[in-house]
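The data block below is data33.cif; it holds mmCIF, C-alpha atoms and all ligand atoms.
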data_upload
#
loop_
_atom_site.group_PDB
_atom_site.id
_atom_site.type_symbol
_atom_site.label_atom_id
_atom_site.label_comp_id
_atom_site.auth_asym_id
_atom_site.auth_seq_id
_atom_site.Cartn_x
_atom_site.Cartn_y
_atom_site.Cartn_z
ATOM 1 C CA MET A 387 -11.706 16.082 7.070
ATOM 2 C CA THR A 388 -11.938 14.742 3.554
ATOM 3 C CA ASP A 389 -12.201 11.032 2.999
ATOM 4 C CA PRO A 390 -9.048 9.122 2.218
ATOM 5 C CA THR A 391 -8.613 7.958 -1.351
ATOM 6 C CA THR A 392 -5.989 5.251 -0.955
ATOM 7 C CA PRO A 393 -6.149 1.834 0.740
ATOM 8 C CA VAL A 394 -3.283 2.760 3.059
ATOM 9 C CA ALA A 395 -4.914 6.002 4.142
ATOM 10 C CA TRP A 396 -8.290 4.349 4.771
ATOM 11 C CA GLY A 397 -6.663 1.567 6.747
ATOM 12 C CA ILE A 398 -4.668 3.914 8.938
ATOM 13 C CA ARG A 399 -7.603 6.213 9.546
ATOM 14 C CA LEU A 400 -9.995 3.477 10.593
ATOM 15 C CA SER A 401 -7.420 1.744 12.712
ATOM 16 C CA LYS A 402 -6.806 4.986 14.600
ATOM 17 C CA LEU A 403 -10.512 5.571 14.905
ATOM 18 C CA TRP A 404 -10.946 2.160 16.498
ATOM 19 C CA LEU A 405 -8.187 2.742 19.046
ATOM 20 C CA GLN A 406 -9.228 6.292 19.813
ATOM 21 C CA ALA A 407 -12.697 5.045 20.656
ATOM 22 C CA GLY A 408 -11.028 3.172 23.503
ATOM 23 C CA GLN A 409 -10.991 -0.215 21.798
ATOM 24 C CA SER A 410 -8.081 -2.595 21.761
ATOM 25 C CA PHE A 411 -6.750 -5.250 19.401
ATOM 26 C CA PRO A 412 -7.933 -7.182 17.575
ATOM 27 C CA VAL A 413 -10.005 -4.734 15.547
ATOM 28 C CA ASP A 414 -13.532 -6.107 15.411
ATOM 29 C CA VAL A 415 -14.056 -5.412 11.734
ATOM 30 C CA LYS A 416 -17.676 -6.471 11.709
ATOM 31 C CA THR A 417 -18.662 -3.928 14.351
ATOM 32 C CA LEU A 418 -16.483 -1.226 12.855
ATOM 33 C CA ALA A 419 -17.803 -1.742 9.325
ATOM 34 C CA LEU A 420 -21.435 -1.682 10.423
ATOM 35 C CA ASP A 421 -21.188 1.329 12.734
ATOM 36 C CA PHE A 422 -18.814 3.453 10.699
ATOM 37 C CA THR A 423 -20.646 3.112 7.401
ATOM 38 C CA LYS A 424 -24.044 3.640 9.024
ATOM 39 C CA GLN A 425 -22.852 6.953 10.425
ATOM 40 C CA LYS A 426 -21.111 8.090 7.319
ATOM 41 C CA PHE A 427 -22.699 6.839 4.111
ATOM 42 C CA GLU A 428 -26.177 6.700 2.654
ATOM 43 C CA ASP A 429 -25.566 3.201 1.337
ATOM 44 C CA PRO A 430 -23.989 1.630 4.425
ATOM 45 C CA ILE A 431 -23.010 -1.946 5.092
ATOM 46 C CA GLY A 432 -26.280 -3.315 6.450
ATOM 47 C CA VAL A 433 -25.247 -6.816 7.436
ATOM 48 C CA VAL A 434 -22.185 -8.965 7.906
ATOM 49 C CA VAL A 435 -23.221 -12.617 7.765
ATOM 50 C CA ASN A 436 -21.789 -16.015 6.975
ATOM 51 C CA HIS A 437 -22.764 -17.691 3.733
ATOM 52 C CA GLY A 438 -21.130 -21.117 3.926
ATOM 53 C CA ILE A 439 -20.315 -21.233 0.229
ATOM 54 C CA ASP A 440 -17.232 -23.376 -0.309
ATOM 55 C CA GLY A 441 -14.446 -21.768 -2.272
ATOM 56 C CA ILE A 442 -15.615 -18.212 -1.774
ATOM 57 C CA ASP A 443 -14.072 -16.711 1.320
ATOM 58 C CA GLY A 444 -15.862 -13.409 1.162
ATOM 59 C CA MET A 445 -18.367 -11.418 -0.819
ATOM 60 C CA LEU A 446 -19.539 -7.851 -0.943
ATOM 61 C CA SER A 447 -22.914 -7.427 -2.591
ATOM 62 C CA LYS A 448 -25.236 -4.519 -3.147
ATOM 63 C CA ARG A 449 -28.763 -5.008 -1.829
ATOM 64 C CA LYS A 450 -30.903 -2.825 -4.038
ATOM 65 C CA LYS A 451 -34.063 -3.276 -1.989
ATOM 66 C CA HIS A 452 -32.386 -2.262 1.232
ATOM 67 C CA LYS A 453 -30.228 0.386 -0.453
ATOM 68 C CA ASP A 454 -27.244 -0.974 1.357
ATOM 69 C CA TRP A 455 -24.477 -3.564 1.114
ATOM 70 C CA CYS A 456 -23.946 -7.020 2.504
ATOM 71 C CA ILE A 457 -20.641 -8.558 3.476
ATOM 72 C CA SER A 458 -20.767 -12.322 3.693
ATOM 73 C CA PHE A 459 -18.043 -14.798 4.505
ATOM 74 C CA ASP A 460 -17.354 -18.503 4.727
ATOM 75 C CA GLU A 461 -17.435 -19.407 8.402
ATOM 76 C CA ASN A 462 -16.006 -22.868 7.780
ATOM 77 C CA VAL A 463 -12.518 -21.630 7.076
ATOM 78 C CA ALA A 464 -10.204 -23.591 9.321
ATOM 79 C CA ILE A 465 -7.265 -21.223 9.410
ATOM 80 C CA PRO A 466 -7.337 -18.919 12.436
ATOM 81 C CA GLY A 467 -7.583 -15.255 11.629
ATOM 82 C CA ARG A 468 -8.673 -15.718 8.056
ATOM 83 C CA ILE A 469 -12.253 -14.624 8.640
ATOM 84 C CA ASN A 470 -11.321 -11.317 10.232
ATOM 85 C CA PHE A 471 -8.981 -10.574 7.338
ATOM 86 C CA THR A 472 -11.659 -11.575 4.836
ATOM 87 C CA ILE A 473 -14.222 -9.216 6.356
ATOM 88 C CA ALA A 474 -11.619 -6.446 6.345
ATOM 89 C CA HIS A 475 -10.825 -7.226 2.698
ATOM 90 C CA GLU A 476 -14.506 -6.904 1.754
ATOM 91 C CA PHE A 477 -14.782 -3.723 3.809
ATOM 92 C CA GLY A 478 -11.878 -2.453 1.696
ATOM 93 C CA HIS A 479 -13.801 -3.194 -1.507
ATOM 94 C CA TYR A 480 -16.729 -1.286 -0.049
ATOM 95 C CA LEU A 481 -14.678 1.806 0.779
ATOM 96 C CA LEU A 482 -12.566 1.815 -2.366
ATOM 97 C CA HIS A 483 -14.419 0.038 -5.145
ATOM 98 C CA ARG A 484 -18.161 -0.024 -4.638
ATOM 99 C CA THR A 485 -18.748 2.501 -7.408
ATOM 100 C CA LEU A 486 -17.084 0.113 -9.863
ATOM 101 C CA ARG A 487 -19.264 -2.949 -9.337
ATOM 102 C CA ASP A 488 -22.288 -4.235 -7.490
ATOM 103 C CA ASP A 489 -20.696 -7.398 -6.245
ATOM 104 C CA PHE A 490 -17.315 -8.855 -5.400
ATOM 105 C CA LYS A 491 -16.562 -12.525 -4.885
ATOM 106 C CA CYS A 492 -13.182 -13.219 -3.371
ATOM 107 C CA SER A 493 -11.222 -16.338 -2.578
ATOM 108 C CA GLN A 494 -8.140 -16.612 -0.429
ATOM 109 C CA ALA A 495 -6.050 -17.605 -3.427
ATOM 110 C CA GLU A 496 -6.681 -14.178 -4.932
ATOM 111 C CA MET A 497 -6.333 -12.357 -1.652
ATOM 112 C CA MET A 498 -2.893 -13.713 -0.918
ATOM 113 C CA ASP A 499 -1.609 -13.850 -4.450
ATOM 114 C CA TYR A 500 0.671 -10.871 -4.026
ATOM 115 C CA ASP A 501 3.101 -11.804 -6.746
ATOM 116 C CA SER A 502 0.974 -13.407 -9.375
ATOM 117 C CA LEU A 503 0.834 -11.748 -12.748
ATOM 118 C CA GLU A 504 -2.897 -12.310 -12.698
ATOM 119 C CA SER A 505 -3.422 -10.557 -9.423
ATOM 120 C CA LYS A 506 -5.790 -7.731 -9.887
ATOM 121 C CA ARG A 507 -5.191 -4.229 -8.732
ATOM 122 C CA ILE A 508 -8.341 -4.020 -6.698
ATOM 123 C CA GLU A 509 -7.696 -7.315 -4.932
ATOM 124 C CA SER A 510 -4.322 -6.096 -3.861
ATOM 125 C CA GLN A 511 -5.791 -2.769 -2.757
ATOM 126 C CA ALA A 512 -8.352 -4.548 -0.590
ATOM 127 C CA ASN A 513 -5.527 -6.563 0.981
ATOM 128 C CA VAL A 514 -3.461 -3.482 1.658
ATOM 129 C CA PHE A 515 -6.424 -1.828 3.319
ATOM 130 C CA ALA A 516 -7.079 -4.904 5.471
ATOM 131 C CA SER A 517 -3.462 -5.137 6.549
ATOM 132 C CA TYR A 518 -3.254 -1.479 7.575
ATOM 133 C CA LEU A 519 -6.557 -1.663 9.401
ATOM 134 C CA LEU A 520 -5.776 -4.828 11.341
ATOM 135 C CA MET A 521 -2.014 -4.555 11.833
ATOM 136 C CA PRO A 522 -0.907 -0.937 12.289
ATOM 137 C CA ARG A 523 2.802 -0.667 11.754
ATOM 138 C CA THR A 524 3.620 1.259 14.924
ATOM 139 C CA ASP A 525 1.954 -1.296 17.125
ATOM 140 C CA PHE A 526 3.456 -4.180 15.164
ATOM 141 C CA GLU A 527 6.937 -2.724 15.596
ATOM 142 C CA GLN A 528 6.390 -2.428 19.338
ATOM 143 C CA GLN A 529 5.451 -6.096 19.522
ATOM 144 C CA ILE A 530 8.640 -7.307 17.882
ATOM 145 C CA THR A 531 11.210 -4.727 18.911
ATOM 146 C CA GLY A 532 14.513 -6.233 19.991
ATOM 147 C CA GLN A 533 13.413 -9.791 19.285
ATOM 148 C CA GLU A 534 14.391 -12.270 16.643
ATOM 149 C CA VAL A 535 11.532 -12.612 14.226
ATOM 150 C CA THR A 536 10.400 -16.236 14.117
ATOM 151 C CA PHE A 537 7.175 -18.003 13.260
ATOM 152 C CA ASP A 538 6.465 -18.131 16.989
ATOM 153 C CA LEU A 539 6.796 -14.383 17.373
ATOM 154 C CA LEU A 540 4.752 -13.746 14.220
ATOM 155 C CA GLY A 541 2.206 -16.223 15.567
ATOM 156 C CA ASN A 542 1.856 -14.133 18.728
ATOM 157 C CA CYS A 543 1.223 -11.081 16.570
ATOM 158 C CA ALA A 544 -1.299 -13.006 14.466
ATOM 159 C CA GLU A 545 -3.169 -13.814 17.647
ATOM 160 C CA ARG A 546 -3.071 -10.201 18.770
ATOM 161 C CA TYR A 547 -4.488 -8.952 15.460
ATOM 162 C CA LYS A 548 -6.685 -11.965 14.702
ATOM 163 C CA THR A 549 -5.034 -12.431 11.340
ATOM 164 C CA SER A 550 -3.566 -15.483 9.657
ATOM 165 C CA LEU A 551 0.102 -16.322 10.064
ATOM 166 C CA THR A 552 0.697 -15.699 6.363
ATOM 167 C CA ALA A 553 -0.967 -12.280 6.344
ATOM 168 C CA THR A 554 0.961 -11.330 9.472
ATOM 169 C CA ALA A 555 4.284 -12.428 8.017
ATOM 170 C CA LEU A 556 3.578 -10.496 4.810
ATOM 171 C CA LYS A 557 2.831 -7.380 6.817
ATOM 172 C CA TRP A 558 6.129 -7.700 8.659
ATOM 173 C CA LEU A 559 8.001 -8.154 5.373
ATOM 174 C CA GLU A 560 6.440 -4.983 4.028
ATOM 175 C CA PHE A 561 8.024 -2.783 6.634
ATOM 176 C CA THR A 562 11.065 -4.607 7.991
ATOM 177 C CA HIS A 563 14.556 -3.320 7.290
ATOM 178 C CA GLU A 564 15.839 -6.880 7.498
ATOM 179 C CA ALA A 565 16.562 -9.011 4.469
ATOM 180 C CA ALA A 566 13.885 -11.679 4.714
ATOM 181 C CA MET A 567 11.279 -13.429 2.630
ATOM 182 C CA LEU A 568 8.394 -15.828 2.665
ATOM 183 C CA VAL A 569 8.382 -18.707 0.206
ATOM 184 C CA VAL A 570 5.315 -20.888 -0.208
ATOM 185 C CA ALA A 571 5.746 -24.281 -1.875
ATOM 186 C CA ASP A 572 3.268 -27.005 -2.776
ATOM 187 C CA SER A 573 3.357 -30.662 -1.742
ATOM 188 C CA ASP A 574 5.662 -31.469 -4.673
ATOM 189 C CA ASP A 575 8.148 -28.851 -3.474
ATOM 190 C CA PHE A 576 7.530 -26.437 -6.317
ATOM 191 C CA ILE A 577 7.509 -22.796 -5.314
ATOM 192 C CA CYS A 578 4.052 -21.212 -5.612
ATOM 193 C CA TRP A 579 4.994 -17.700 -4.681
ATOM 194 C CA THR A 580 7.624 -15.597 -2.915
ATOM 195 C CA PHE A 581 7.376 -12.313 -1.113
ATOM 196 C CA CYS A 582 10.590 -10.411 -0.323
ATOM 197 C CA SER A 583 11.298 -7.553 2.032
ATOM 198 C CA GLN A 584 12.759 -4.464 0.335
ATOM 199 C CA LEU A 585 16.297 -5.392 1.281
ATOM 200 C CA ALA A 586 15.873 -9.036 0.293
ATOM 201 C CA LYS A 587 14.659 -7.882 -3.097
ATOM 202 C CA ARG A 588 17.749 -5.739 -3.526
ATOM 203 C CA LEU A 589 19.967 -8.644 -2.543
ATOM 204 C CA GLY A 590 18.428 -10.849 -5.216
ATOM 205 C CA CYS A 591 16.844 -13.344 -2.822
ATOM 206 C CA TYR A 592 13.684 -13.720 -4.907
ATOM 207 C CA LYS A 593 12.684 -17.200 -6.066
ATOM 208 C CA ALA A 594 10.379 -17.468 -9.060
ATOM 209 C CA PRO A 595 7.185 -19.538 -9.004
ATOM 210 C CA GLY A 596 7.824 -22.970 -10.494
ATOM 211 C CA GLU A 597 11.368 -23.231 -9.153
ATOM 212 C CA MET A 598 12.096 -26.183 -6.891
ATOM 213 C CA ILE A 599 12.913 -26.006 -3.213
ATOM 214 C CA PRO A 600 16.663 -26.751 -2.917
ATOM 215 C CA PRO A 601 17.128 -30.568 -2.724
ATOM 216 C CA SER A 602 19.147 -30.456 0.500
ATOM 217 C CA VAL A 603 16.332 -28.519 2.151
ATOM 218 C CA VAL A 604 13.749 -31.058 0.990
ATOM 219 C CA GLU A 605 15.926 -33.824 2.365
ATOM 220 C CA TYR A 606 16.321 -32.072 5.700
ATOM 221 C CA LEU A 607 12.571 -31.588 6.010
ATOM 222 C CA GLN A 608 11.878 -35.243 5.292
ATOM 223 C CA THR A 609 14.175 -36.399 8.048
ATOM 224 C CA ASN A 610 13.359 -33.716 10.610
ATOM 225 C CA THR A 611 9.616 -33.503 10.761
ATOM 226 C CA ALA A 612 9.442 -32.530 14.427
ATOM 227 C CA ASP A 613 11.566 -29.418 14.566
ATOM 228 C CA ARG A 614 11.134 -27.779 11.184
ATOM 229 C CA ARG A 615 9.673 -24.705 12.800
ATOM 230 C CA ILE A 616 12.807 -24.105 14.837
ATOM 231 C CA PRO A 617 15.088 -21.696 12.951
ATOM 232 C CA ARG A 618 18.241 -23.320 11.584
ATOM 233 C CA ARG A 619 21.251 -21.985 9.718
ATOM 234 C CA VAL A 620 21.564 -22.963 6.081
ATOM 235 C CA ALA A 621 24.899 -22.516 4.314
ATOM 236 C CA PRO A 622 25.447 -20.046 1.473
ATOM 237 C CA GLY A 623 24.781 -21.470 -1.967
ATOM 238 C CA ILE A 624 21.503 -23.103 -1.034
ATOM 239 C CA TRP A 625 18.873 -20.368 -0.723
ATOM 240 C CA HIS A 626 21.207 -17.534 -1.712
ATOM 241 C CA ALA A 627 24.441 -17.649 -3.672
ATOM 242 C CA THR A 628 26.616 -15.945 -1.096
ATOM 243 C CA ALA A 629 24.565 -15.418 2.030
ATOM 244 C CA GLU A 630 23.867 -17.739 4.894
ATOM 245 C CA THR A 631 20.160 -18.173 5.570
ATOM 246 C CA ILE A 632 18.130 -18.666 8.721
ATOM 247 C CA GLU A 633 15.337 -20.978 7.697
ATOM 248 C CA SER A 634 12.179 -22.121 9.427
ATOM 249 C CA VAL A 635 9.188 -23.899 8.007
ATOM 250 C CA VAL A 636 5.522 -24.228 8.774
ATOM 251 C CA VAL A 637 3.537 -26.937 7.064
ATOM 252 C CA SER A 638 -0.078 -26.146 6.385
ATOM 253 C CA ASP A 639 -1.939 -29.447 6.398
ATOM 254 C CA GLN A 640 -5.088 -28.081 4.874
ATOM 255 C CA TYR A 641 -3.436 -26.994 1.659
ATOM 256 C CA GLU A 642 -0.403 -29.258 1.866
ATOM 257 C CA GLN A 643 1.762 -26.205 1.568
ATOM 258 C CA LYS A 644 5.122 -25.490 3.094
ATOM 259 C CA ILE A 645 5.662 -21.946 4.199
ATOM 260 C CA PHE A 646 9.308 -20.932 4.575
ATOM 261 C CA LEU A 647 10.430 -17.948 6.576
ATOM 262 C CA LEU A 648 13.914 -17.140 5.309
ATOM 263 C CA ARG A 649 16.103 -14.472 6.830
ATOM 264 C CA PHE A 650 19.480 -13.289 5.610
ATOM 265 C CA PRO A 651 20.937 -11.424 8.593
ATOM 266 C CA TYR A 652 24.532 -11.664 7.374
ATOM 267 C CA ALA A 653 23.831 -10.865 3.745
ATOM 268 C CA SER A 654 25.519 -7.511 3.386
ATOM 269 C CA ASN A 655 26.278 -4.166 4.886
ATOM 270 C CA VAL A 656 24.122 -2.269 2.439
ATOM 271 C CA VAL A 657 22.962 0.966 3.997
ATOM 272 C CA TYR A 658 19.237 0.969 3.882
ATOM 273 C CA GLU A 659 17.624 4.346 3.985
ATOM 274 C CA GLU A 660 14.198 4.433 5.418
ATOM 275 C CA GLU A 661 11.510 5.575 3.070
ATOM 276 C CA GLU A 662 9.549 8.518 4.251
ATOM 277 C CA GLU A 663 6.166 7.708 5.619
ATOM 278 C CA LYS A 664 3.717 8.506 2.867
ATOM 279 C CA ASP A 665 0.671 8.988 4.966
ATOM 280 C CA ALA A 666 0.369 11.339 7.847
ATOM 281 C CA PHE A 667 -2.977 11.834 9.486
ATOM 282 C CA ALA A 668 -4.434 14.340 11.810
ATOM 283 C CA VAL A 669 -5.949 13.364 15.093
ATOM 284 C CA LEU A 670 -9.271 11.685 14.646
ATOM 285 C CA SER A 671 -10.688 11.821 18.127
ATOM 286 C CA GLU A 672 -13.708 13.838 17.077
ATOM 287 C CA LYS A 673 -14.462 11.217 14.479
ATOM 288 C CA SER A 674 -14.687 8.477 17.042
ATOM 289 C CA LYS A 675 -17.318 10.216 19.130
ATOM 290 C CA GLY A 676 -20.767 8.841 18.952
ATOM 291 C CA LEU A 677 -19.738 5.383 17.936
ATOM 292 C CA ASN A 678 -21.189 3.094 20.496
ATOM 293 C CA TRP A 679 -18.514 0.419 20.842
ATOM 294 C CA LYS A 680 -18.357 -1.655 23.930
ATOM 295 C CA LYS A 681 -15.028 -1.959 25.624
HETATM 296 ZN ZN ZN B 701 -11.533 -9.199 -3.118
#

Can I see the file as structure tokens?
Ligand SMILES: [Zn+2]
Amino acid sequence: MTDPTTPVAWGIRLSKLWLQAGQSFPVDVKTLALDFTKQKFEDPIGVVVNHGIDGIDGMLSKRKKHKDWCISFDENVAIPGRINFTIAHEFGHYLLHRTLRDDFKCSQAEMMDYDSLESKRIESQANVFASYLLMPRTDFEQQITGQEVTFDLLGNCAERYKTSLTATALKWLEFTHEAAMLVVADSDDFICWTFCSQLAKRLGCYKAPGEMIPPSVVEYLQTNTADRRIPRRVAPGIWHATAETIESVVVSDQYEQKIFLLRFPYASNVVYEEEEEKDAFAVLSEKSKGLNWKK
């Protein structure tokens, strides 16, 4: 079997490999990266260690002496699930980009900056790889089937995959047929970035960075600090011109950010045709033999 060439294909293949070796979620990226690359490449990932450098979440560096690569990460990151995603992100750079450069230094701001004009192609590719490796769509769909998607439900998934709430919500938005979006705002209620599902994009839900959170929403949040996470109905004309919105909010103390999960279940009757799956992969069971992973 030839090696994948895209982030999606690599992510799907390695995720399947992990499960076919009898492992369960979350994917232990450290073990997978070390064992898989040792078996397969002459310049494998030799170590995955913490580096404790503030402001740099993860690095991938070539070690010329050892003829291998080192993934290092900041172990002091307070947000659950971030480290696993960071290691997966660096593993993605290794698989997809190591011929381009000898070292990669990545911060969370870049990793999550899906919509920024400055976001680099390779950063986004490493994110895509990490999301497909850690949160396979089929399994994700099984976890949420028939349930209303809330921060609580996404939080359960984040725990299952050992990913951050934000990364998990973004993954859901990538594949959902619902009209929904994530809006992240700073402590002054300016929007930092927005990520829309396909349908939300088509319905014009997008909010540009720099726009303000609607004043009535800000007011509500100031007076209802206890139950912001509980979904509430917001009238048309506030988040969307004509559609009612289901809004819930998580406040991230560390970054003083507000993360809004906005759903537009009554927005329209647009028929949404499912895109064909772009990646189909053969069974990989033979590939998982010989990898000594503990159950
Ligand atoms: Zn990166």

Which residues of chain A come within 7 Å of ligand ZN 701 (chain B), and for each one, what is the closest pair of atoms and their distance in Å to one decimal, counting all atoms listed in the file, sorted by chain and residue number, as JSON lines?
{"residue": "A:His475", "atom": "CA", "partner": "B:ZN701", "partner_atom": "ZN", "distance": 6.2}
{"residue": "A:Glu476", "atom": "CA", "partner": "B:ZN701", "partner_atom": "ZN", "distance": 6.2}
{"residue": "A:His479", "atom": "CA", "partner": "B:ZN701", "partner_atom": "ZN", "distance": 6.6}
{"residue": "A:Phe490", "atom": "CA", "partner": "B:ZN701", "partner_atom": "ZN", "distance": 6.2}
{"residue": "A:Lys491", "atom": "CA", "partner": "B:ZN701", "partner_atom": "ZN", "distance": 6.3}
{"residue": "A:Cys492", "atom": "CA", "partner": "B:ZN701", "partner_atom": "ZN", "distance": 4.4}
{"residue": "A:Met497", "atom": "CA", "partner": "B:ZN701", "partner_atom": "ZN", "distance": 6.3}
{"residue": "A:Glu509", "atom": "CA", "partner": "B:ZN701", "partner_atom": "ZN", "distance": 4.6}
{"residue": "A:Ala512", "atom": "CA", "partner": "B:ZN701", "partner_atom": "ZN", "distance": 6.2}

Closest atom pairs, residues of stretch 548-600 of chain A within 7 Å of stretch 532-542 of chain A, all atoms listed in the file, as JSON lines:
{"residue": "A:Leu551", "atom": "CA", "partner": "A:Gly541", "partner_atom": "CA", "distance": 5.9}
{"residue": "A:Thr554", "atom": "CA", "partner": "A:Leu540", "partner_atom": "CA", "distance": 6.5}
{"residue": "A:Ala555", "atom": "CA", "partner": "A:Leu540", "partner_atom": "CA", "distance": 6.4}

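Put simply, atom CA of A:Cys543 is 9.8 Å away from atom CA of A:Asp525.
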
(Q) Quick one: residues within 8 Å of stretch 634-639 of chain A, all atoms listed in the file, excluding same-chain residues fewer than 5 positions away - as a count of residues only? (A) 12

**Q.** Test item: residues at most 9 Å from A:Met445, only C-alpha atoms, excluding those fewer than 3 positions along its chain, as number ranges by chain
**A.** A: 437, 442, 456-459, 472-473, 476, 489-493

Q: Pick out the residues sitting within 9 Å of A:Thr392, and hand them over as a ChimeraX atom specification; count all atoms listed in the file, and ignore anything fewer than 2 positions along from it in its own chain.
A: /A:390,394-397,482,511,515

Q: List the residues matched by the PyMOL selection byres (((chain A and resi 470) around 12) and not hetatm) in the displayed structure as number ranges by chain, ordered by chain and then by residue number.
A: A: 411-419, 434, 436, 443-444, 457-461, 463, 465-469, 471-477, 513, 516-517, 519-521, 544-550, 553

Write out the residues from the selection above, keeping C-alpha atoms, as a short mmCIF file (atom, residue, chain, number, x, y, z; two decimals), in the frame of the given file.
data_model
loop_
_atom_site.label_atom_id
_atom_site.label_comp_id
_atom_site.auth_asym_id
_atom_site.auth_seq_id
_atom_site.Cartn_x
_atom_site.Cartn_y
_atom_site.Cartn_z
CA PHE A 411 -6.75 -5.25 19.40
CA PRO A 412 -7.93 -7.18 17.58
CA VAL A 413 -10.01 -4.73 15.55
CA ASP A 414 -13.53 -6.11 15.41
CA VAL A 415 -14.06 -5.41 11.73
CA LYS A 416 -17.68 -6.47 11.71
CA THR A 417 -18.66 -3.93 14.35
CA LEU A 418 -16.48 -1.23 12.86
CA ALA A 419 -17.80 -1.74 9.32
CA VAL A 434 -22.18 -8.96 7.91
CA ASN A 436 -21.79 -16.02 6.98
CA ASP A 443 -14.07 -16.71 1.32
CA GLY A 444 -15.86 -13.41 1.16
CA ILE A 457 -20.64 -8.56 3.48
CA SER A 458 -20.77 -12.32 3.69
CA PHE A 459 -18.04 -14.80 4.50
CA ASP A 460 -17.35 -18.50 4.73
CA GLU A 461 -17.43 -19.41 8.40
CA VAL A 463 -12.52 -21.63 7.08
CA ILE A 465 -7.26 -21.22 9.41
CA PRO A 466 -7.34 -18.92 12.44
CA GLY A 467 -7.58 -15.26 11.63
CA ARG A 468 -8.67 -15.72 8.06
CA ILE A 469 -12.25 -14.62 8.64
CA PHE A 471 -8.98 -10.57 7.34
CA THR A 472 -11.66 -11.58 4.84
CA ILE A 473 -14.22 -9.22 6.36
CA ALA A 474 -11.62 -6.45 6.34
CA HIS A 475 -10.82 -7.23 2.70
CA GLU A 476 -14.51 -6.90 1.75
CA PHE A 477 -14.78 -3.72 3.81
CA ASN A 513 -5.53 -6.56 0.98
CA ALA A 516 -7.08 -4.90 5.47
CA SER A 517 -3.46 -5.14 6.55
CA LEU A 519 -6.56 -1.66 9.40
CA LEU A 520 -5.78 -4.83 11.34
CA MET A 521 -2.01 -4.56 11.83
CA ALA A 544 -1.30 -13.01 14.47
CA GLU A 545 -3.17 -13.81 17.65
CA ARG A 546 -3.07 -10.20 18.77
CA TYR A 547 -4.49 -8.95 15.46
CA LYS A 548 -6.68 -11.96 14.70
CA THR A 549 -5.03 -12.43 11.34
CA SER A 550 -3.57 -15.48 9.66
CA ALA A 553 -0.97 -12.28 6.34
#

Q. So which one's closest to A:Ala566, A:Lys453, A:Lys587, A:Arg507, A:Lys402? Using all atoms listed in the file, please.
A.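 Result for the nearest residue to A:Ala566: A:Lys587.
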
Using 5 Å of padding on each side, determine the axis-aligned box around all atoms of stretch 506-510 of chain A present in the file and give its centre and edge lengths in Å to one decimal, as JSON.
{"center_x": -6.3, "center_y": -5.9, "center_z": -6.9, "size_x": 14.0, "size_y": 13.7, "size_z": 16.0}

Q) Between atom CA of A:Leu400 and atom CA of A:His563, what is the distance, to one decimal in Å? A)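 Going from atom CA of A:Leu400 over to atom CA of A:His563 covers 25.7 Å.
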
Q: Return the single residue from A:Gln409, A:Ser573, A:Ser583, A:Gln529 that is closest to A:Glu560, with distances computed using only C-alpha atoms.
A: A:Ser583

Q.
Report, in Å to a single decimal, how far apart atom CA of A:Glu428 and atom CA of A:Arg399 are.
A.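 So the answer is 19.8 Å.
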
Q.
Assuming the chain letters and numbering stay as they are in my file, what does the PyMOL selection byres (((chain A and resi 422-425) around 10) and not hetatm) actually select? List them as a PyMOL selection string.
A. chain A and resi 400+403-404+417-421+426-432+454-455+477+480-481+673-674+676-677

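Checking A:Thr531, A:Thr631, A:Ser510, A:Thr609 one by one against A:Met567, counting all atoms listed in the file, you find the shortest gap at A:Thr631.
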